[in-house]
$ cat input_13.txt   # compact mmCIF, C-alpha atoms (C1' of nucleotides)
# COMPACT_ATOMS: atom_id res chain seq x y z
CA MET X 183 99.16 111.92 156.21
CA ILE X 184 98.76 111.97 152.46
CA GLU X 185 99.20 108.77 150.55
CA LYS X 186 102.08 108.89 148.12
CA THR X 187 100.64 109.26 144.68
CA MET X 188 101.98 108.78 141.18
CA ILE X 189 100.07 110.66 138.53
CA VAL X 190 100.58 109.06 135.14
CA ILE X 191 99.74 111.25 132.21
CA THR X 192 99.58 109.57 128.85
CA GLY X 193 97.77 109.86 125.57
CA PRO X 194 98.47 109.88 121.88
CA THR X 195 101.43 111.74 120.53
CA ALA X 196 100.84 115.48 120.16
CA SER X 197 97.87 115.42 122.51
CA GLY X 198 99.47 117.88 124.89
CA LYS X 199 100.78 115.50 127.53
CA SER X 200 103.99 117.36 128.21
CA ALA X 201 102.35 120.72 128.82
CA LEU X 202 99.74 119.20 131.09
CA ALA X 203 102.37 117.31 133.02
CA VAL X 204 104.29 120.52 133.62
CA ASP X 205 101.15 122.26 134.86
CA VAL X 206 100.40 119.43 137.24
CA ALA X 207 103.98 119.09 138.46
CA ARG X 208 104.21 122.81 139.16
CA GLU X 209 101.00 122.78 141.06
CA LEU X 210 102.17 119.84 143.15
CA ASP X 211 105.73 121.13 143.36
CA THR X 212 107.31 117.93 142.15
CA ASP X 213 109.27 116.35 139.30
CA ILE X 214 108.35 114.63 136.07
CA ILE X 215 109.56 111.19 135.07
CA SER X 216 109.45 110.81 131.33
CA ALA X 217 108.05 107.53 129.98
CA ASP X 218 109.18 107.86 126.42
CA SER X 219 111.30 105.29 124.63
CA ARG X 220 112.78 107.84 122.23
CA GLN X 221 113.14 110.97 124.29
CA ILE X 222 115.40 108.96 126.54
CA TYR X 223 118.09 109.14 123.86
CA GLN X 224 120.45 112.01 123.26
CA GLY X 225 120.89 113.69 119.93
CA ILE X 226 117.38 113.66 118.50
CA PRO X 227 115.44 116.20 120.57
CA ILE X 228 113.61 117.83 117.68
CA VAL X 229 112.24 114.73 116.06
CA THR X 230 111.19 113.24 119.38
CA ALA X 231 109.61 116.48 120.58
CA VAL X 232 111.62 116.76 123.76
CA PRO X 233 110.24 119.76 125.67
CA THR X 234 112.46 122.81 125.48
CA PHE X 235 113.88 124.57 128.49
CA GLU X 236 111.01 127.06 128.44
CA GLU X 237 108.42 124.37 128.00
CA ARG X 238 109.69 122.58 131.06
CA GLY X 239 108.70 125.59 133.13
CA GLY X 240 111.35 125.01 135.73
CA VAL X 241 110.20 121.48 136.47
CA ARG X 242 112.88 118.83 136.71
CA HIS X 243 112.48 116.12 134.07
CA HIS X 244 114.00 112.68 134.56
CA LEU X 245 114.87 109.91 132.11
CA MET X 246 115.11 112.32 129.26
CA GLU X 247 118.07 112.64 126.87
CA MET X 248 120.19 110.44 129.05
CA LEU X 249 121.42 107.62 126.79
CA PRO X 250 123.65 107.53 123.72
CA LEU X 251 121.85 106.30 120.63
CA GLU X 252 123.81 103.06 120.76
CA ALA X 253 122.57 102.11 124.21
CA TYR X 254 120.23 99.23 124.77
CA TYR X 255 117.15 100.01 126.79
CA SER X 256 113.90 98.23 127.49
CA ALA X 257 110.57 98.42 129.24
CA SER X 258 112.00 96.40 132.08
CA MET X 259 114.93 98.74 132.53
CA PHE X 260 112.51 101.62 132.48
CA GLU X 261 110.49 99.99 135.23
CA GLN X 262 113.58 99.73 137.43
CA ASP X 263 114.76 103.26 136.73
CA ALA X 264 111.36 104.84 137.19
CA LEU X 265 110.68 103.01 140.44
CA ARG X 266 114.03 104.02 141.82
CA LEU X 267 113.44 107.65 140.90
CA ALA X 268 109.93 107.64 142.28
CA GLU X 269 111.20 106.31 145.56
CA GLU X 270 113.76 109.09 145.73
CA ILE X 271 111.25 111.78 144.92
CA PHE X 272 108.74 110.41 147.39
CA ARG X 273 111.26 110.91 150.17
CA GLU X 274 110.62 114.62 149.93
CA ARG X 275 107.32 114.88 148.05
CA ASP X 276 103.92 113.32 148.19
CA TYR X 277 103.45 113.28 144.46
CA VAL X 278 105.32 112.45 141.33
CA VAL X 279 104.22 112.94 137.76
CA VAL X 280 104.95 110.39 135.04
CA CYS X 281 104.44 111.56 131.50
CA GLY X 282 104.86 109.76 128.21
CA GLY X 283 103.30 107.76 125.46
CA SER X 284 105.38 104.60 125.40
CA MET X 285 102.67 102.10 126.04
CA MET X 286 104.78 99.28 127.20
CA TYR X 287 106.85 101.41 129.53
CA ILE X 288 103.77 102.63 131.30
CA ASP X 289 102.44 99.12 131.53
CA ALA X 290 105.70 97.86 133.00
CA LEU X 291 105.75 100.64 135.56
CA CYS X 292 102.13 100.34 136.65
CA ASN X 293 101.62 96.59 136.39
CA GLY X 294 105.10 95.17 136.54
CA ILE X 295 106.84 92.99 134.02
CA ASP X 296 108.12 89.48 134.62
CA GLU X 297 111.74 88.99 135.49
CA LEU X 298 113.61 87.64 132.51
CA PRO X 299 117.29 86.90 132.13
CA THR X 300 119.26 89.37 130.08
CA VAL X 301 120.20 87.65 126.87
CA SER X 302 123.93 87.58 126.33
CA GLU X 303 125.55 88.82 123.16
CA GLU X 304 126.81 85.32 122.38
CA VAL X 305 123.39 83.72 122.53
CA ARG X 306 121.80 86.47 120.50
CA LYS X 307 124.53 86.56 117.88
CA SER X 308 124.69 82.84 117.29
CA LEU X 309 120.93 82.58 117.09
CA MET X 310 120.87 85.44 114.64
CA MET X 311 123.47 83.76 112.45
CA ARG X 312 121.58 80.51 112.31
CA HIS X 313 118.33 82.33 111.67
CA ILE X 314 119.88 84.04 108.69
CA THR X 315 121.21 80.82 107.21
CA GLU X 316 118.36 78.48 108.15
CA GLY X 317 115.36 80.76 107.92
CA ASP X 318 112.10 81.37 109.73
CA GLU X 319 110.94 77.76 109.59
CA TRP X 320 113.99 76.63 111.47
CA LEU X 321 113.49 79.33 114.08
CA LEU X 322 109.92 78.21 114.65
CA GLU X 323 110.98 74.57 114.97
CA GLU X 324 113.60 75.56 117.51
CA LEU X 325 111.01 77.45 119.50
CA ARG X 326 108.78 74.42 119.41
CA ARG X 327 111.60 72.29 120.76
CA HIS X 328 112.42 74.70 123.55
CA ASP X 329 108.96 75.95 124.43
CA GLU X 330 105.95 74.14 123.04
CA THR X 331 103.53 76.31 125.00
CA THR X 332 104.72 79.54 123.50
CA TRP X 333 105.00 77.93 120.09
CA GLN X 334 101.31 77.06 120.36
CA ARG X 335 100.06 80.50 121.12
CA ILE X 336 102.56 82.90 119.60
CA ASP X 337 101.85 84.84 116.44
CA ARG X 338 104.14 82.82 114.19
CA LYS X 339 104.27 85.47 111.54
CA ASN X 340 105.73 87.92 113.99
CA ILE X 341 109.30 86.73 113.78
CA LYS X 342 110.58 89.36 116.19
CA ARG X 343 108.53 87.86 118.97
CA VAL X 344 109.38 84.31 117.97
CA PHE X 345 113.03 85.22 118.08
CA HIS X 346 112.73 86.81 121.46
CA ALA X 347 110.86 83.91 123.04
CA LEU X 348 113.50 81.57 121.74
CA GLU X 349 116.53 83.57 122.80
CA VAL X 350 115.13 83.95 126.29
CA SER X 351 114.40 80.23 126.51
CA ILE X 352 117.94 79.41 125.47
CA GLN X 353 119.46 81.94 127.83
CA ALA X 354 117.37 80.81 130.76
CA GLY X 355 117.73 77.13 130.02
CA ARG X 356 113.99 76.74 130.49
CA PRO X 357 110.91 77.68 128.49
CA TYR X 358 110.09 81.32 128.08
CA SER X 359 106.48 80.58 129.00
CA SER X 360 107.58 79.22 132.39
CA LEU X 361 109.07 82.61 133.21
CA LEU X 362 105.87 84.51 132.63
CA GLY X 363 102.73 84.93 134.64
CA GLY X 364 104.28 86.31 137.78
CA LYS X 365 101.98 88.08 140.20
CA LYS X 366 101.17 91.69 139.60
CA PRO X 367 103.38 93.52 142.06
CA GLU X 368 101.96 95.83 144.69
CA ARG X 369 103.34 99.31 144.32
CA PRO X 370 103.92 101.18 147.57
CA PHE X 371 102.02 104.20 146.26
CA ARG X 372 98.72 105.10 144.68
CA ILE X 373 98.59 105.37 140.90
CA ILE X 374 96.28 107.68 139.04
CA LYS X 375 96.42 107.07 135.33
CA LEU X 376 95.00 109.59 132.90
CA PHE X 377 94.69 109.39 129.15
CA ILE X 378 94.22 112.59 127.22
CA ASP X 379 91.43 112.29 124.70
CA ARG X 380 91.14 114.53 121.73
CA GLU X 381 88.82 114.42 118.77
CA ARG X 382 90.59 112.66 115.97
CA PRO X 383 90.43 115.49 113.41
CA GLU X 384 91.77 117.90 116.01
CA LEU X 385 94.57 115.53 116.98
CA PHE X 386 95.53 114.94 113.37
CA GLU X 387 95.63 118.66 112.81
CA ARG X 388 97.91 119.09 115.79
CA ILE X 389 100.18 116.35 114.49
CA ASN X 390 100.45 117.94 111.06
CA LYS X 391 101.29 121.31 112.55
CA ARG X 392 103.81 119.88 114.92
CA VAL X 393 105.68 118.13 112.14
CA GLU X 394 105.84 121.40 110.23
CA ARG X 395 107.24 123.10 113.30
CA MET X 396 109.84 120.37 113.65
CA VAL X 397 111.03 121.02 110.12
CA GLU X 398 111.29 124.73 110.85
CA ALA X 399 113.21 123.94 114.01
CA GLY X 400 115.84 122.03 112.06
CA LEU X 401 114.56 118.47 111.84
CA ILE X 402 116.41 117.73 108.63
CA GLU X 403 119.75 118.97 109.94
CA GLU X 404 119.25 116.98 113.11
CA VAL X 405 118.64 113.79 111.19
CA ARG X 406 121.65 114.50 108.98
CA SER X 407 123.79 114.66 112.07
CA VAL X 408 122.91 111.06 112.96
CA LEU X 409 123.02 109.71 109.42
CA GLY X 410 126.18 107.74 110.17
CA LYS X 411 124.36 105.81 112.85
CA ARG X 412 121.39 104.73 110.81
CA GLY X 413 120.45 101.19 111.51
CA LEU X 414 120.39 101.67 115.26
CA ASN X 415 117.10 100.79 116.85
CA SER X 416 116.91 104.16 118.53
CA LEU X 417 116.73 105.66 115.06
CA ASN X 418 113.97 103.34 113.91
CA THR X 419 111.74 106.24 114.74
CA VAL X 420 109.00 108.16 113.02
CA GLY X 421 110.55 111.28 111.55
CA VAL X 422 114.01 109.80 111.17
CA LYS X 423 113.45 106.97 108.71
CA GLU X 424 111.49 109.20 106.36
CA ILE X 425 114.24 111.82 106.27
CA PHE X 426 116.78 109.08 105.60
CA SER X 427 114.69 108.14 102.57
CA TYR X 428 114.78 111.77 101.52
CA PHE X 429 118.58 111.76 101.76
CA ASP X 430 118.60 108.57 99.68
CA GLY X 431 116.60 110.33 97.00
CA ASP X 432 113.68 107.94 97.36
CA LEU X 433 111.38 110.69 98.54
CA SER X 434 111.21 114.39 97.84
CA ARG X 435 111.39 116.71 100.79
CA GLU X 436 107.65 117.30 100.66
CA GLU X 437 106.89 113.61 100.35
CA ALA X 438 109.09 112.86 103.32
CA ILE X 439 107.34 115.45 105.44
CA ALA X 440 103.92 114.20 104.40
CA ARG X 441 104.95 110.69 105.25
CA ILE X 442 106.14 111.71 108.69
CA GLN X 443 102.75 113.24 109.30
CA LYS X 444 101.06 110.09 108.12
CA ASN X 445 103.22 107.76 110.18
CA THR X 446 102.76 109.92 113.24
CA ARG X 447 99.01 109.55 112.83
CA VAL X 448 99.44 105.80 112.59
CA TYR X 449 101.45 105.82 115.79
CA ALA X 450 98.83 107.91 117.56
CA LYS X 451 96.18 105.41 116.57
CA LYS X 452 98.22 102.54 117.95
CA GLN X 453 98.48 104.35 121.24
CA MET X 454 94.74 104.85 121.33
CA THR X 455 94.12 101.19 120.59
CA TRP X 456 96.54 100.05 123.25
CA PHE X 457 95.08 102.15 126.03
CA SER X 458 91.49 101.53 125.03
CA ARG X 459 91.60 98.18 126.80
CA ASP X 460 93.30 99.43 129.94
CA LYS X 461 90.58 99.39 132.57
CA ASP X 462 92.64 101.29 135.12
CA ILE X 463 92.93 104.35 132.96
CA GLU X 464 90.66 107.34 133.05
CA HIS X 465 90.01 109.16 129.81
CA VAL X 466 89.85 112.91 130.12
CA LYS X 467 89.43 115.69 127.63
CA SER X 468 92.53 117.83 127.46
CA GLU X 469 90.79 120.99 128.66
CA GLU X 470 89.26 119.18 131.62
CA ALA X 471 92.41 117.32 132.60
CA ILE X 472 93.86 119.71 135.15
CA GLY X 473 90.50 120.10 136.86
CA ARG X 474 90.11 116.37 137.04
CA VAL X 475 93.53 116.01 138.63
CA ARG X 476 92.56 118.52 141.35
CA GLN X 477 89.34 116.67 141.91
CA LEU X 478 91.08 113.33 142.24
CA LEU X 479 93.58 114.73 144.67
CA GLU X 480 90.74 116.27 146.66
CA TYR X 481 91.76 119.84 146.68
C1' G D 236 93.57 123.13 65.14
C1' G D 237 96.45 118.19 64.00
C1' U D 238 99.01 113.55 65.49
C1' U D 239 100.14 110.08 69.19
C1' C D 240 99.63 108.26 74.02
C1' C D 241 97.06 107.86 78.72
C1' A D 242 92.57 107.44 82.06
C1' U D 243 92.14 101.33 87.54
C1' G D 244 90.08 101.93 94.79
C1' U D 245 93.14 107.62 99.23
C1' C D 246 97.66 107.18 96.70
C1' C D 247 101.26 103.95 94.00
C1' G D 248 100.60 100.10 90.63
C1' A D 249 99.76 95.02 87.73
C1' G D 250 96.31 92.91 84.62
C1' U D 251 94.59 92.92 78.07
C1' G D 252 87.83 88.86 77.09
C1' G D 253 85.48 84.58 81.86
C1' U D 254 88.13 83.01 89.51
C1' U D 255 91.28 88.08 94.88
C1' A D 256 96.75 91.34 91.74
C1' G D 257 100.00 93.47 95.14
C1' G D 258 101.56 97.55 98.15
C1' U D 259 99.94 101.86 100.91
C1' A D 260 96.41 104.91 103.47
C1' C D 261 91.64 104.73 105.98
C1' C D 262 88.91 101.78 109.58
C1' G D 263 89.46 97.78 113.21
C1' G D 264 92.75 94.68 116.14
C1' U D 265 97.17 91.84 118.64
C1' C D 266 100.80 92.92 122.33
C1' U D 267 105.09 90.66 129.11
C1' G D 268 112.29 93.09 127.28
C1' C D 269 115.05 97.23 121.07
C1' A D 270 107.45 98.78 121.40
C1' A D 271 107.73 105.64 117.74
C1' A D 272 109.13 98.15 117.14
C1' A D 273 106.86 93.86 114.95
C1' C D 274 102.44 91.54 113.38
C1' C D 275 97.14 90.57 111.87
C1' G D 276 91.98 91.56 109.86
C1' U D 277 88.04 94.26 107.04
C1' U D 278 86.47 97.79 103.58
C1' C D 279 87.38 100.64 99.00
C1' A D 280 88.23 100.08 91.72
C1' C D 281 88.38 99.62 86.87
C1' A D 282 86.51 108.18 83.92
C1' C D 283 81.51 108.61 81.27
C1' C D 284 77.93 106.92 77.30
C1' A D 285 76.70 103.56 73.61
C1' G D 286 77.99 99.03 71.03
C1' U D 287 80.22 93.89 69.94
C1' U D 288 79.90 89.28 72.97
C1' C D 289 76.85 83.95 76.42
C1' G D 290 80.36 87.12 79.20
C1' A D 291 84.04 93.61 78.86
C1' A D 292 88.45 96.73 83.57
C1' U D 293 90.21 94.10 79.10
C1' C D 294 87.58 94.75 72.09
C1' U D 295 84.99 99.00 68.93
C1' G D 296 82.91 104.00 68.50
C1' G D 297 81.84 108.45 70.83
C1' U D 298 82.18 111.98 75.20
C1' U D 299 85.04 114.23 78.98
C1' G D 300 89.75 115.03 81.27
C1' G D 301 95.19 114.79 81.01
C1' A D 302 100.30 114.37 78.71
C1' A D 303 103.85 114.78 74.70
C1' C D 304 104.95 116.40 69.97
C1' C D 305 103.52 119.17 65.47
C1' U D 306 101.18 123.70 63.46
$ encode --input "input_13.txt" --output "structure tokens"
Amino acid sequence: MIEKTMIVITGPTASGKSALAVDVARELDTDIISADSRQIYQGIPIVTAVPTFEERGGVRHHLMEMLPLEAYYSASMFEQDALRLAEEIFRERDYVVVCGGSMMYIDALCNGIDELPTVSEEVRKSLMMRHITEGDEWLLEELRRHDETTWQRIDRKNIKRVFHALEVSIQAGRPYSSLLGGKKPERPFRIIKLFIDRERPELFERINKRVERMVEAGLIEEVRSVLGKRGLNSLNTVGVKEIFSYFDGDLSREEAIARIQKNTRVYAKKQMTWFSRDKDIEHVKSEEAIGRVRQLLEY
RNA sequence: GGUUCCAUGUCCGAGUGGUUAGGUACCGGUCUGCAAAACCGUUCACACCAGUUCGAAUCUGGUUGGAACCU
């Protein structure tokens, strides 16, 4: 019998992941699980490039447009949801396709992520208040008190991470560092991880064009419709912040669009950097990708 | 044609005789819970030509380019 196999398709934004995933899923007659931290939200399909009905080619897509913008979500929650879905799909199929560019989500799904307590609103709020009044130095001292190990090795300029390590330590009642380093879990299925490579000039060209298409498709109106919710993390997204600046009058329409293109390129580069050190990933050229999948699955 | 003003790295932008502005992009990197987040590193200048000076991005003259106003 065939070993259950998860085919993970990732790559920089605008590299053509979604289309490839649909091709593969159709060929294998299975579903797609989206691994995208923004497409999971409802209300911003244009700016997050959610595939249209036609683009989905009849393939069922999971974990897409399923949460209100206010909802909290994380890599760990994604791991749980994706594993549960995969298990369900594997009951009837031998394959499942995962597609997305959210680096940490893919890492959590493939390699697992340590179990951490969910930080309560009370802990988070009170820490936030004190941080505001006492400042970064105080926060660092607190971290040192609660978790010397993490204090030693953390990037102390990255206050977001300092804050998180501290809030988890407080919530757990033990150092954050003591909660890490769990064993890499064994997944009950084979994982094939592919990264779509594209020449940088070509990728950048695709990004620029895609942003233009988004504008034509109603990007600005879409962002206007969520203007009242600005400030939410789900809207701290390339393509949304720049249009907010345009509404504020800080940028002209053209400047805003150019900046979206620029920031999308920056994001694509981050994705490339992240995956460049993943030794389990296979880099494939976009035009060779489908052939490589067939080869790997021994057709 | 005349008068005045301007000319700084990809872009924005400070400096007005003598140590790195800064930001941003590019390039490179970090990453175990909001990750399309957050953070870090390197590189890149003083429009051009003369002159003054121990020393000029900074002062003087000219050249080129630009802006505003006048005719």
$ closest_residue --input "input_13.txt" --among "D:G257, D:G297, D:G264, D:G248" --to "D:A285" --atoms "only C-alpha atoms (C1' of nucleotides)"
D:G297
$ residues_near_point --input "input_13.txt" --point "(119.9, 100.4, 125.7)" --cutoff "10 Å" --atoms "all atoms listed in the file" --output "PDB file with C-alpha atoms (C1' of nucleotides), in the frame of the given file"
ATOM      1  CA  SER X 219     111.300 105.290 124.630  1.00  0.00           C
ATOM      2  CA  ILE X 222     115.400 108.960 126.540  1.00  0.00           C
ATOM      3  CA  TYR X 223     118.090 109.140 123.860  1.00  0.00           C
ATOM      4  CA  LEU X 249     121.420 107.620 126.790  1.00  0.00           C
ATOM      5  CA  PRO X 250     123.650 107.530 123.720  1.00  0.00           C
ATOM      6  CA  LEU X 251     121.850 106.300 120.630  1.00  0.00           C
ATOM      7  CA  GLU X 252     123.810 103.060 120.760  1.00  0.00           C
ATOM      8  CA  ALA X 253     122.570 102.110 124.210  1.00  0.00           C
ATOM      9  CA  TYR X 254     120.230  99.230 124.770  1.00  0.00           C
ATOM     10  CA  TYR X 255     117.150 100.010 126.790  1.00  0.00           C
ATOM     11  CA  SER X 256     113.900  98.230 127.490  1.00  0.00           C
ATOM     12  CA  MET X 259     114.930  98.740 132.530  1.00  0.00           C
ATOM     13  CA  ASN X 415     117.100 100.790 116.850  1.00  0.00           C
ATOM     14  CA  SER X 416     116.910 104.160 118.530  1.00  0.00           C
TER      15      SER X 416
ATOM     16  C1'   C D 269     115.050  97.230 121.070  1.00  0.00           C
TER      17        C D 269
END
$ closest_residue --input "input_13.txt" --among "X:Gly400, X:Gly473, X:Gly193, X:Gly364" --to "chain D" --atoms "all atoms listed in the file"
X:Gly364
$ residues_around --input "input_13.txt" --residues "stretch 276-284 of chain D" --least-positions-apart "3" --cutoff "7 Å" --atoms "all atoms listed in the file" --output "PDB file with C-alpha atoms (C1' of nucleotides), in the coordinates of the input"
ATOM      1  C1'   A D 242      92.570 107.440  82.060  1.00  0.00           C
ATOM      2  C1'   U D 243      92.140 101.330  87.540  1.00  0.00           C
ATOM      3  C1'   G D 244      90.080 101.930  94.790  1.00  0.00           C
ATOM      4  C1'   A D 292      88.450  96.730  83.570  1.00  0.00           C
ATOM      5  C1'   U D 298      82.180 111.980  75.200  1.00  0.00           C
TER       6        U D 298
END
$ atom_distance --input "input_13.txt" --atom1 "atom CA of X:Ile226" --atom2 "atom CA of X:Lys423"
12.5 Å
$ atom_distance --input "input_13.txt" --atom1 "atom CA of X:Arg220" --atom2 "atom CA of X:Arg275"
27.3 Å
$ residues_near_point --input "input_13.txt" --point "(108.8, 113.9, 134.2)" --cutoff "9 Å" --atoms "all atoms listed in the file" --output "ChimeraX atom specification"
/X:200,203-204,207,213-217,241-246,278-282
$ closest_atom_pairs --input "input_13.txt" --of "chain X" --to "chain D" --cutoff "9 Å" --atoms "all atoms listed in the file" --output "CSV"
residue,atom,partner,partner_atom,distance
X:Ser219,CA,D:A271,C1',7.8
X:Arg220,CA,D:A271,C1',7.1
X:Thr230,CA,D:A271,C1',8.5
X:Tyr254,CA,D:C269,C1',6.7
X:Tyr255,CA,D:C269,C1',6.7
X:Ser256,CA,D:G268,C1',5.4
X:Ala257,CA,D:G268,C1',5.9
X:Ser258,CA,D:G268,C1',5.8
X:Met259,CA,D:G268,C1',8.2
X:Ser284,CA,D:A270,C1',7.4
X:Met285,CA,D:A270,C1',7.4
X:Met286,CA,D:A270,C1',6.4
X:Tyr287,CA,D:A270,C1',8.6
X:Ala290,CA,D:U267,C1',8.2
X:Gly294,CA,D:U267,C1',8.7
X:Ile295,CA,D:U267,C1',5.7
X:Asp296,CA,D:U267,C1',6.4
X:Leu298,CA,D:G268,C1',7.7
X:Thr300,CA,D:G268,C1',8.4
X:Asp337,CA,D:C274,C1',7.4
X:Arg338,CA,D:C274,C1',8.9
X:Lys339,CA,D:C274,C1',6.6
X:Asn340,CA,D:C274,C1',4.9
X:Ile341,CA,D:A273,C1',7.6
X:Lys342,CA,D:A273,C1',6.0
X:Arg343,CA,D:A273,C1',7.4
X:His346,CA,D:G268,C1',8.6
X:Leu362,CA,D:U267,C1',7.1
X:Gly363,CA,D:U267,C1',8.3
X:Asn415,CA,D:C269,C1',5.9
X:Ser416,CA,D:C269,C1',7.6
X:Asn418,CA,D:A271,C1',7.7
X:Thr419,CA,D:A271,C1',5.0
X:Val420,CA,D:A271,C1',5.5
X:Gly421,CA,D:A271,C1',8.8
X:Lys444,CA,D:A260,C1',8.4
X:Thr446,CA,D:A271,C1',8.0
X:Tyr449,CA,D:A271,C1',6.6
X:Thr455,CA,D:G264,C1',8.0
X:Trp456,CA,D:C266,C1',8.4
$ atom_distance --input "input_13.txt" --atom1 "atom CA of X:Ile472" --atom2 "atom CA of X:Arg447"
25.1 Å
$ closest_residue --input "input_13.txt" --among "X:Leu361, X:Met248, X:Leu376, X:Val229" --to "X:Ile191" --atoms "all atoms listed in the file"
X:Leu376
$ residues_around --input "input_13.txt" --residues "X:Gln443" --least-positions-apart "4" --cutoff "7 Å" --atoms "only C-alpha atoms (C1' of nucleotides)" --output "PyMOL selection string"
chain X and resi 389-390+393+439+447
$ closest_residue --input "input_13.txt" --among "D:A256, D:U306, D:C289, D:G301" --to "D:C240" --atoms "all atoms listed in the file"
D:G301
$ closest_residue --input "input_13.txt" --among "X:Ala399, X:Phe345, X:Phe377, X:Gly355" --to "X:Glu470" --atoms "all atoms listed in the file"
X:Phe377
$ closest_residue --input "input_13.txt" --among "X:Ala201, X:Ala231, X:Leu417, X:Met310" --to "X:Met396" --atoms "only C-alpha atoms"
X:Ala231
$ axis_aligned_box --input "input_13.txt" --around "stretch 273-283 of chain X" --padding-each-side "3 Å" --output "AutoDock Vina command-line options"
--center_x 107.3 --center_y 111.3 --center_z 137.8 --size_x 14.0 --size_y 13.1 --size_z 30.7
$ build_atoms --input "input_13.txt" --residues "stretch 428-446 of chain X" --atoms "N, CA and C atoms" --output "PDB file, keeping the file's coordinate frame"
ATOM      1  N   TYR X 428     114.601 110.525 102.260  1.00  0.00           N
ATOM      2  CA  TYR X 428     114.780 111.770 101.520  1.00  0.00           C
ATOM      3  C   TYR X 428     116.249 111.942 101.129  1.00  0.00           C
ATOM      4  N   PHE X 429     117.150 111.672 102.067  1.00  0.00           N
ATOM      5  CA  PHE X 429     118.580 111.760 101.760  1.00  0.00           C
ATOM      6  C   PHE X 429     118.962 110.753 100.668  1.00  0.00           C
ATOM      7  N   ASP X 430     118.308 109.602 100.681  1.00  0.00           N
ATOM      8  CA  ASP X 430     118.600 108.570  99.680  1.00  0.00           C
ATOM      9  C   ASP X 430     118.074 108.950  98.296  1.00  0.00           C
ATOM     10  N   GLY X 431     117.194 109.947  98.274  1.00  0.00           N
ATOM     11  CA  GLY X 431     116.600 110.330  97.000  1.00  0.00           C
ATOM     12  C   GLY X 431     115.347 109.535  96.669  1.00  0.00           C
ATOM     13  N   ASP X 432     114.890 108.717  97.613  1.00  0.00           N
ATOM     14  CA  ASP X 432     113.680 107.940  97.360  1.00  0.00           C
ATOM     15  C   ASP X 432     112.417 108.761  97.553  1.00  0.00           C
ATOM     16  N   LEU X 433     112.531 109.818  98.311  1.00  0.00           N
ATOM     17  CA  LEU X 433     111.380 110.690  98.540  1.00  0.00           C
ATOM     18  C   LEU X 433     111.825 112.137  98.349  1.00  0.00           C
ATOM     19  N   SER X 434     110.904 112.962  97.878  1.00  0.00           N
ATOM     20  CA  SER X 434     111.210 114.390  97.840  1.00  0.00           C
ATOM     21  C   SER X 434     111.046 114.911  99.264  1.00  0.00           C
ATOM     22  N   ARG X 435     111.509 116.110  99.466  1.00  0.00           N
ATOM     23  CA  ARG X 435     111.390 116.710 100.790  1.00  0.00           C
ATOM     24  C   ARG X 435     109.931 116.768 101.240  1.00  0.00           C
ATOM     25  N   GLU X 436     109.072 117.183 100.321  1.00  0.00           N
ATOM     26  CA  GLU X 436     107.650 117.300 100.660  1.00  0.00           C
ATOM     27  C   GLU X 436     107.028 115.941 100.948  1.00  0.00           C
ATOM     28  N   GLU X 437     107.417 114.960 100.131  1.00  0.00           N
ATOM     29  CA  GLU X 437     106.890 113.610 100.350  1.00  0.00           C
ATOM     30  C   GLU X 437     107.325 113.079 101.710  1.00  0.00           C
ATOM     31  N   ALA X 438     108.571 113.346 102.039  1.00  0.00           N
ATOM     32  CA  ALA X 438     109.090 112.860 103.320  1.00  0.00           C
ATOM     33  C   ALA X 438     108.320 113.483 104.475  1.00  0.00           C
ATOM     34  N   ILE X 439     108.071 114.765 104.366  1.00  0.00           N
ATOM     35  CA  ILE X 439     107.340 115.450 105.440  1.00  0.00           C
ATOM     36  C   ILE X 439     105.920 114.915 105.538  1.00  0.00           C
ATOM     37  N   ALA X 440     105.285 114.732 104.388  1.00  0.00           N
ATOM     38  CA  ALA X 440     103.920 114.200 104.400  1.00  0.00           C
ATOM     39  C   ALA X 440     103.893 112.808 105.001  1.00  0.00           C
ATOM     40  N   ARG X 441     104.921 112.048 104.714  1.00  0.00           N
ATOM     41  CA  ARG X 441     104.950 110.690 105.250  1.00  0.00           C
ATOM     42  C   ARG X 441     105.179 110.676 106.759  1.00  0.00           C
ATOM     43  N   ILE X 442     105.964 111.620 107.235  1.00  0.00           N
ATOM     44  CA  ILE X 442     106.140 111.710 108.690  1.00  0.00           C
ATOM     45  C   ILE X 442     104.793 112.004 109.344  1.00  0.00           C
ATOM     46  N   GLN X 443     104.052 112.901 108.733  1.00  0.00           N
ATOM     47  CA  GLN X 443     102.750 113.240 109.300  1.00  0.00           C
ATOM     48  C   GLN X 443     101.846 112.011 109.328  1.00  0.00           C
ATOM     49  N   LYS X 444     101.884 111.284 108.228  1.00  0.00           N
ATOM     50  CA  LYS X 444     101.060 110.090 108.120  1.00  0.00           C
ATOM     51  C   LYS X 444     101.462 109.042 109.156  1.00  0.00           C
ATOM     52  N   ASN X 445     102.751 108.773 109.240  1.00  0.00           N
ATOM     53  CA  ASN X 445     103.220 107.760 110.180  1.00  0.00           C
ATOM     54  C   ASN X 445     103.011 108.174 111.630  1.00  0.00           C
ATOM     55  N   THR X 446     103.027 109.461 111.870  1.00  0.00           N
ATOM     56  CA  THR X 446     102.760 109.920 113.240  1.00  0.00           C
ATOM     57  C   THR X 446     101.289 109.667 113.584  1.00  0.00           C
TER      58      THR X 446
END
